[in-house]
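Structure first, then comments.
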Amino acid sequence: MVNINTLDPGASPLDYYGFELRRHREAAGLTQRQLGDIVNYTGSLVGQVETARKLPTPEFSERVDAALGTGGLLTRLVPLVMRSQLPAWFQQVAELEARAVEICTFQTHMVHGLLQSPSYVCAVLGVLDQDKLGDRAAARLARQRIFEKGDPPVFWMVLSEAALNQEIGGSDVMREQLTHLLTFEDDPRINVQVLPYSAGEHAGLQGSFNVYRFAGDPPIVYTEGYSSGHPSANPDTVKDCSLRYDHLRAAALSIKDSADLIRRVMEDRYGEQVA
């Protein structure tokens, strides 16, 4: 009899991960419960991952790799699995993020996904759709692991002051998110500048956009609509958006002054006094 939980490893990265996990576990002569005991997870969770019903976390993968002696196979599969859980139209963008040596983003109304805190992610993704929210949030947060690479990209974010005041998720969530932004204040690779209300009309009035630059490929500009993304390598588009970004960065507050404004907003709007 065919096992009803047998996976087709070619169906998806998640199915492939589950197939490999089961194959290596059985080769080691362990039951799901025995492996779970070794890595300090339940056998039920091991079974759910094996049957592609639950996403594997990096911690789970690292522990299982060590227990089964897989040479880091499962850990290396995690980024691919997580990327596959993103909306189909966004997966190309995640690949651009993973390859870029520099990412420049202008955001009009909310923090860019690469710098979002966990509760902020859930608040953003949960609007009108609570289905599989935990998995969708984990997939978005997994994108942030690009900053843990040996040679991570340089990241610039010009953020409208409006995004600091748009109370996404409530006061507690906003305090956590703004605190998270402040953790990058002294990181030369992750730079946050706030475009203040006082800037008036500016070069980004047409909306948010990203510019991705690569070591050996032409830069790409990315804009986004409802459930759709629009990458473009058109040289004229790239030139225009790069010029706009330079003007936005010039009009924004310095990194230090931006951090000071974030602290003031936290205290004045969200009741948090920050040293």
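Here, A, B, ... name the chains of the structure tokens in the order displayed, residue numbers run from 1 inside each chain, and ligands are numbered from 1 in the same displayed order.
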
field: DSSP-assigned helix (DSSP H, G or I) members of segment 17-141 of chain A, reported as a PyMOL selection string
entry: chain A and resi 17-27+32-39+43-50+58-68+73-84+88-99+113-115+118-125+133-141

- prompt: Near segment 188-202 of chain A, counting only C-alpha atoms, which residues have an atom at most 6 Å away, once you skip same-chain residues fewer than 6 positions from it, shown as a ChimeraX atom specification?
  reply: /A:154-161,252-253,255,258

Restrict the selected residues to N, CA, C and O atoms and save them as a compact mmCIF listing (two decimals), in the first residue's frame.
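To be explicit, this is the file written out as out07.txt:
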```txt
# COMPACT_ATOMS: atom_id res chain seq x y z
N VAL A 154 24.06 46.38 1.12
CA VAL A 154 23.87 47.69 1.75
C VAL A 154 22.40 48.08 1.51
O VAL A 154 21.90 47.96 0.39
N PHE A 155 21.74 48.52 2.58
CA PHE A 155 20.31 48.81 2.49
C PHE A 155 20.07 50.26 2.90
O PHE A 155 20.51 50.69 3.97
N TRP A 156 19.38 50.99 2.03
CA TRP A 156 18.98 52.36 2.33
C TRP A 156 17.47 52.44 2.29
O TRP A 156 16.84 51.98 1.33
N MET A 157 16.88 53.01 3.33
CA MET A 157 15.43 53.24 3.31
C MET A 157 15.14 54.70 3.63
O MET A 157 15.52 55.20 4.69
N VAL A 158 14.50 55.39 2.69
CA VAL A 158 13.94 56.70 2.96
C VAL A 158 12.46 56.46 3.27
O VAL A 158 11.72 55.93 2.44
N LEU A 159 12.06 56.84 4.45
CA LEU A 159 10.73 56.54 4.97
C LEU A 159 9.97 57.83 5.24
O LEU A 159 10.46 58.70 5.96
N SER A 160 8.80 57.96 4.66
CA SER A 160 8.00 59.15 4.93
C SER A 160 7.65 59.24 6.41
O SER A 160 7.37 58.23 7.06
N GLU A 161 7.66 60.45 6.94
CA GLU A 161 7.27 60.65 8.34
C GLU A 161 5.86 60.12 8.59
O GLU A 161 5.54 59.69 9.70
N ALA A 252 15.74 64.16 2.80
CA ALA A 252 15.45 63.48 4.08
C ALA A 252 16.38 63.98 5.18
O ALA A 252 17.44 64.57 4.92
N LEU A 253 15.99 63.70 6.40
CA LEU A 253 16.84 64.01 7.54
C LEU A 253 18.06 63.11 7.53
O LEU A 253 18.05 62.02 6.95
N ILE A 255 20.78 60.45 9.10
CA ILE A 255 20.51 59.22 9.86
C ILE A 255 20.35 59.53 11.34
O ILE A 255 19.43 59.02 12.00
N SER A 258 17.14 61.50 11.89
CA SER A 258 16.01 60.60 11.68
C SER A 258 15.75 59.77 12.93
O SER A 258 14.60 59.59 13.35
```

- prompt: Could you work out how far atom CA of Asn210 of chain A lies from atom CA of Tyr120 of chain A, giving the answer in Å with one decimal?
  reply: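 Straight-line distance from atom CA of Tyr120 of chain A to atom CA of Asn210 of chain A works out to 20.2 Å.
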
query: From the list A:Asp257, A:Val211, A:Ser12, A:Asp172, which residue is nearest Thr237 of chain A when using only C-alpha atoms?
result: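 Closest to Thr237 of chain A, using only C-alpha atoms: A:Val211.
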
Length of the atom CA of Asp246 of chain A to atom CA of Thr108 of chain A vector [Å]: 15.9 Å

task: Return the single residue from A:Met174, A:Ala163, A:Val101, A:Val93 that is closest to Val121 of chain A, with distances computed using only C-alpha atoms.
output: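 Checking each candidate against Val121 of chain A, we get A:Met174 as the closest.
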
- request: Quick one: pull the distance between atom CA of Leu68 of chain A and atom CA of His24 of chain A, Å, one decimal.
  value: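 Computing the Euclidean distance for atom CA of Leu68 of chain A and atom CA of His24 of chain A yields 6.7 Å.
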
- prompt: Residues at most 10 Å from Glu95 of chain A, counting only C-alpha atoms, excluding those fewer than 3 positions away in the same chain, as number ranges by chain?
  reply: A: 80, 83, 90-92, 98-100, 143

query: With only C-alpha atoms as the basis for distance, which of A:Ala11, A:Cys122, A:Leu77, A:Leu114 is at the shortest distance from Ile168 of chain A?
result: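 Residue with the minimum atom-to-atom distance to Ile168 of chain A: A:Cys122.
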
message: Please return, as a VMD selection string, all residues of segment 81-246 of chain A that DSSP assigns to strand (DSSP E or B) on the basis of the backbone.
response: chain A and resid 102 to 107 154 to 160 190 to 195 209 to 213 220 to 225 228 to 232
